[in-house]
Structures are given as structure tokens and as C-alpha cells.
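**Q** Okay, handing you the structure first.
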Amino acid sequence: MTAIHAEHALLPRGLSRDVRITFSAAGIERVEQGVPPEAGDERHRFVAPAMPNLHSHAFQRAMAGLAETRGPGEDSFWSWRAEMYRVALSMTPDQVEAVAAQLYMEMLEAGFCRVGEFHYLHHDKDGSPYADPAEMAARIAAASAGTGIALTLLPVFYAHAGFGGTAPMEGQRRFIHDVDAFARLMERARHIVAGLPGAVLGIAPHSLRAATPEELKAVVPLVGGGPVHIHVAEQVKEVEDCIAWSGRRPVEWLLDTMPLDDRWCLIHATQMTPDETVRMAEIGAVAGLCPITEANLGDGVFEAPAFLAAGGRFGVGSDSNILISLAEELRTLEYSQRLLRRSRNVVAAPGQSTGLNLYEQALTGGALALGTASGIEAGRPADLLALDLTAAAYLPADKVLDHFVFARGIRVDSVWVGGSRQVEGGRHRRHDEIAARFARTMAELAG
């Protein structure tokens with residue numbers, strides 16, 4: 001049993017003063033408000049729930065910063081994808097595990113506690129299955145276990161290169177399954193997840209480009225009541241191709257055709273009409289936003305004000321993992337809205353703290369999308385974040401998250417996942433070991 005005392009803590013009903021939190025691996029046991037610290041309590045200025053990261057492709061951490069040279073023409077998501085395929089085709093299982101461990105360590109040091117791994121690098125380099133069809137998923141699980149980050153594993157069904165069942169491209173050979181083979185992968189993934197404390201199994205049809213309607217309807221039931229994630233409406237070309245195929249836009253097609261509810265997380269959705277935005281919010285599907293990646297790839301800007309006004313929920317993810325920063329994901333989301341609208345404090349109601357609202361919204365939506373619970377409350381997982389306010393000791397509590405998101409100086413001090421501290425003083429407990437393995441792996445890939 002561990003007890004920490006927070007001068008201020010972010011509880012489900014807002015900020016509270018003098019909060020004593022008692023927890024163990026079983027979860028948060030007791031939350032007391034307005035009480036002094038007891039002998040032996042660990043003391044912190046500001047404690048909040050740690051944040052879920054709802055969308056990650058771990059192997060792409062190996063290409064961070066390597067796709068920023070302009071080609072002979074106009075660069076786009078599609079030219080970036082060609083470089084991503086090159087990296088995907090080069091990695092061994094050992095290398096994937098080393099890169100994922102580095103990534104997950106960076107997530108923990110940034111204040112994330114759980115990752116939704118949208119996992120589609122399944123097969124050997126030549127496209128043939130490994131003896132264990134879930135070899136790569138097991139490596140993701142090993143990286144999760146070795147770093148201490150909680151895992152929502154989202155095995156990806158990927159069968160086609162384009163709408164209407166187009167044959168897959170050669171560069172996609174490590175991703176491809178038919179429905180029967182994917183069912184076998186899901187069964188193995190279920191066993192892998194069962195061996196990880198706190199882990200959740202979801203499912204991820206890659207996109208409407210990669211799965212036909214018949215395949216989509218066949219694979220979604222394989223996860224039972226678990227989370228369902230899908231890339232959708234990320235690019236203008238994707239929308240145009242979907243209309244050419246079906247006569248409807250991607251989000252419109254999903255809303256009209258699939259039984260969407262709050263188990264579904266629509267990743268990106270940066271190309272939506274006002275009607276789609278409101279319908280998506282009303283049906284309860286979570287918007288999976290990846291603001292740093294969406295900016296890096298030139299995807300577009302999510303229609304946040306209308307979505308939130310209709311009761312929509314969102315979470316944030318790091319997607320291509322070019323930069324791991326909880327604060328910057330939230331900041332980029334808000335700044336994209338400001339630039340688009342030439343306004344300030346867009347993702348907040350009048351009189352509301354923008355940093356606090358961004359944090360609370362991403363916390364609630366992210367946990368829902370990953371099939372878990374969040375919040376500093378008895379019975380919830382002990383996934384906690386303590387901020388170091390040394391460089392901004394003058395701040396009142398109601399300005400801390402604004403400063404964390406929009407300014408400099410406040411950093412992550414400690415992170416607990418499932419009641420176990422993984423980060424202390426801003427450093428992961430295995431930082432040097434994991435970083436050294438990653439450096440060796442990157443040297444191998446560069447060679």
C-alpha cells in the first residue's frame with residue numbers, strides 16, 4: 001500500500017486541496033480531501049490522473065525525423081507512406097521490441113500511462129506468417145511489460161490496398177490477412193493480453209480502404225465487447241475515393257452502415273461535414289485525435305467546437321510517434337483551432353480554463369476508447385501523474401494545467417501505472433538500459 005499527499009489534485013469533480021490518495025496494485029483504495037499528510041506519506045504539489053495515449057504505431061518511432069526531406073514534387077501523406085513502408089519491411093521482431101520499448105518509455109516520461117497500440121506489422125519480411133502468428137504482437141506485449149505501460153492491444157485487420165477490395169500492394173505484404181487467418185491471430189492475441197496485468201484486447205479494421213464491408217462485418221464481432229478503432233477520413237483523397245466507390249463519404253458510410261456506439265473510436269476524422277460531425281458526437285463514438293502527426297502529415301484540422309457542442313468526446317494519441325509530448329498534443333489541438341478561426345481559447349466554454357478542459361476531455365475520451373477507467377477515485381486504476389512545479393512555484397493551482405500545456409517550466413516528475421511507479425524525477429526506472437538497446441537497434445537499421 002502506498003499513500004501520497006497532494007497539495008492539489010485533479011479529481012472527477014475538479015481540483016481539490018489537501019488530498020490524500022492511498023493505492024496499491026489492486027487500484028485506488030481511498031481518496032481523502034481536506035486532510036493533512038500523515039507520517040510516511042510521499043508529498044507532491046500537484047497530482048492528476050495519468051493520460052491514456054489512444055493511438056500508436058510503435059514501429060514508426062524508428063523513422064522519426066527521417067521523412068522530412070522534400071521530394072521532386074509536392075509532398076503529402078502518400079509520399080510519407082512510401083518511406084513508412086520501407087521502414088516496416090526492414091525490421092526484425094527483436095528490433096520492433098527494442099523500438100517499442102524506447103517509445104513506451106518516452107510515453108511514460110511524458111505522462112502517458114496506457115497505450116492503444118494499433119498493431120499491423122504482423123508477418124515476416126517476405127510476407128509469410130511467423131510460426132507464431134502473433135509473434136509481433138507478443139513483442140509489443142513484451143515492450144509493455146518491460147516498461148510498465150498499460151496496454152490496449154488493437155490487432156489490425158488489413159486486406160486491401162484500396163476501396164472495393166483492391167489487391168494489396170507489395171509494400172503492404174507484412175500487414176495482410178484474410179478473415180480466417182485474422183481470427184487465429186485474435187485468438188493468440190487474447191492469450192497474450194490475458195498474461196498482462198490490466199491489459200485490454202480491442203480490434204482495429206485498418207480503414208475502409210483496407211477492409212471490404214463484408215470483411216468489416218465479419219471481423220468486428222471477433223472482439224466481443226472490446227474497443228473498435230478505425231482510421232477514417234484522414235485525407236481529402238481518401239474521401240474522394242470513398243465517394244467514387246460508394247457514393248458516400250467515409251464517416252457517412254460508417255454511420256449509415258455499421259452499428260457505431262461508444263466502443264468505437266474514429267481515428268483522425270479530419271475531413272468531415274457538419275452533419276457527420278454532429279451525428280458522430282450524438283452516437284457516442286470517440287474521436288481519436290493525433291494533433292502532432294496530423295500537423296506533420298498535413299491531414300487537416302478536426303472540427304472540435306461543433307463536435308464538443310454536440311456532446312462529443314475525444315482522446316489524443318501520438319500515432320506516427322515523431323514526437324512524444326502530452327503537453328504538445330493538447331497544445332497543437334488548441335492552436336490548430338486558433339489558427340483556423342483566428343480566435344483564442346477555442347476548446348473551452350466561457351470562463352473555463354482551456355488547459356484544464358483539454359486535459360479532462362482527453363482523459364475521459366481516451367479511457368473510454370481504450371476500454372478502461374480513469375480518475376482519482378476509489379476503485380479506479382492507480383494510474384497517476386505528479387507534476388514538478390519547482391520552476392513555476394508561484395502558480396495558483398487553477399493555472400497549473402494551462403501552464404503545463406501552453407508554457408514552459410512544469411515537467412513530469414512521477415508516473416504510477418497500476419500502482420507501481422515507473423517514472424521518478426522525470427526519468428524512467430530503466431531509462432539507460434532501454435535507451436542503449438534502442439541506440440544499438442537504430443545503428444543496425446541504419447547499416
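In the C-alpha cells, the first chain shown is A, the next is B, and so on; residue numbers restart at 1 for each chain, and ligands run from 1 in the order shown.
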As a VMD selection string, please: every residue in stretch 63-250 of chain A that a backbone DSSP assignment puts in alpha helix (DSSP H).
**A** chain A and resid 77 to 88 93 to 110 135 to 147 179 to 194 213 to 219 236 to 246 250
**Q** DSSP on the backbone: what in stretch 154-280 of chain A comes out strand (DSSP E or B), as a ChimeraX atom specification?
**A** /A:154-157,200-201,203-205,228-232,264-268
**Q** I'd like the contact shell of A:Leu222 - 10 Å cut-off, only C-alpha atoms, skipping same-chain residues fewer than 6 positions apart - returned as a ChimeraX atom specification.
**A** /A:182-183,186-187,202-203
**Q** I need the chosen residues saved as a CSV table (one decimal), in the first residue's frame, with N, CA and C atoms.
**A**
chain,number,residue,atom,x,y,z
A,182,PHE,N,-6.9,-14.0,-39.7
A,182,PHE,CA,-7.0,-12.9,-38.7
A,182,PHE,C,-7.7,-13.4,-37.4
A,183,ALA,N,-8.7,-14.3,-37.6
A,183,ALA,CA,-9.4,-14.9,-36.4
A,183,ALA,C,-8.4,-15.7,-35.6
A,186,MET,N,-6.3,-13.2,-33.6
A,186,MET,CA,-7.1,-12.6,-32.5
A,186,MET,C,-7.1,-13.6,-31.3
A,187,GLU,N,-7.2,-14.9,-31.6
A,187,GLU,CA,-7.2,-15.9,-30.6
A,187,GLU,C,-5.9,-15.9,-29.8
A,202,GLY,N,-8.6,-5.1,-28.0
A,202,GLY,CA,-9.6,-4.5,-28.9
A,202,GLY,C,-9.4,-5.0,-30.3
A,203,ILE,N,-9.9,-4.3,-31.3
A,203,ILE,CA,-9.7,-4.7,-32.7
A,203,ILE,C,-9.7,-3.5,-33.5
**Q** Could you jot down the atom CA of A:Ala439 to atom CA of A:Thr69 separation for me, Å, one decimal place?
**A**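 It comes out at 22.5 Å.
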**Q** Tell me which protein, DNA and RNA residues are within 10 Å of stretch 85-100 of chain A, counting only C-alpha atoms, leaving out same-chain ones fewer than 3 positions away, and put them as a PyMOL selection string.
**A** chain A and resi 56-63+80-82+103-106+117+120-127+135-144+146-147+170-175+434-442+444-445
**Q** Which one is closest to A:Leu395: A:Thr212, A:Arg249, A:Phe46, A:Arg20? Count only C-alpha atoms.
**A**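 Ranked by minimum distance to A:Leu395, first place goes to A:Phe46.
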**Q** Can you tell me which residues surround stretch 300-309 of chain A at a distance of at most 7 Å, considering only C-alpha atoms, apart from same-chain residues fewer than 2 positions away, and format the answer as an MDAnalysis selection string?
**A** chainID A and resid 269:270 277:278 281 294 298 311:313 336 347
**Q** Using only C-alpha atoms, which residues sit within 8 Å of A:Val47 once same-chain residues fewer than 4 positions away are excluded, as a ChimeraX atom specification?
**A** /A:6,8-10,384-387
**Q** Which residues, written as a short mmCIF file (atom, residue, chain, number, x, y, z; two decimals) with N, CA and C atoms, in the first residue's frame, have at least one atom at most 10 Å from A:Met169, with only C-alpha atoms counted and residues fewer than 6 positions away on the same chain left out?
**A**
data_model
loop_
_atom_site.label_atom_id
_atom_site.label_comp_id
_atom_site.auth_asym_id
_atom_site.auth_seq_id
_atom_site.Cartn_x
_atom_site.Cartn_y
_atom_site.Cartn_z
N ALA A 159 -6.45 -5.99 -45.46
CA ALA A 159 -6.54 -6.97 -46.54
C ALA A 159 -6.37 -6.39 -47.94
N HIS A 160 -6.53 -5.06 -48.10
CA HIS A 160 -6.60 -4.49 -49.45
C HIS A 160 -5.86 -3.16 -49.52
N ALA A 161 -5.55 -2.76 -50.73
CA ALA A 161 -4.84 -1.50 -50.96
C ALA A 161 -5.78 -0.33 -51.16
N GLY A 162 -7.05 -0.61 -51.50
CA GLY A 162 -7.97 0.48 -51.79
C GLY A 162 -9.40 0.05 -51.69
N ILE A 176 -0.95 -8.13 -44.23
CA ILE A 176 -2.16 -8.67 -44.87
C ILE A 176 -2.66 -9.97 -44.22
#
**Q** Please determine, counting only C-alpha atoms, which residue among A:Ile283, A:Val200, A:Ala67, A:Leu340 has the shortest atom-to-atom distance to A:Gly224.
**A**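 Result for the nearest residue to A:Gly224: A:Val200.
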**Q** Mind pulling up the distance from atom CA of A:Glu7 to atom CA of A:His44?
**A**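 Separation between atom CA of A:His44 and atom CA of A:Glu7: 6.4 Å.
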**Q** If I take atom CA of A:Ile149 and atom CA of A:Val115, how far is one from the other in Å, to one decimal?
**A**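 Computing it gives 7.1 Å between the two atoms.
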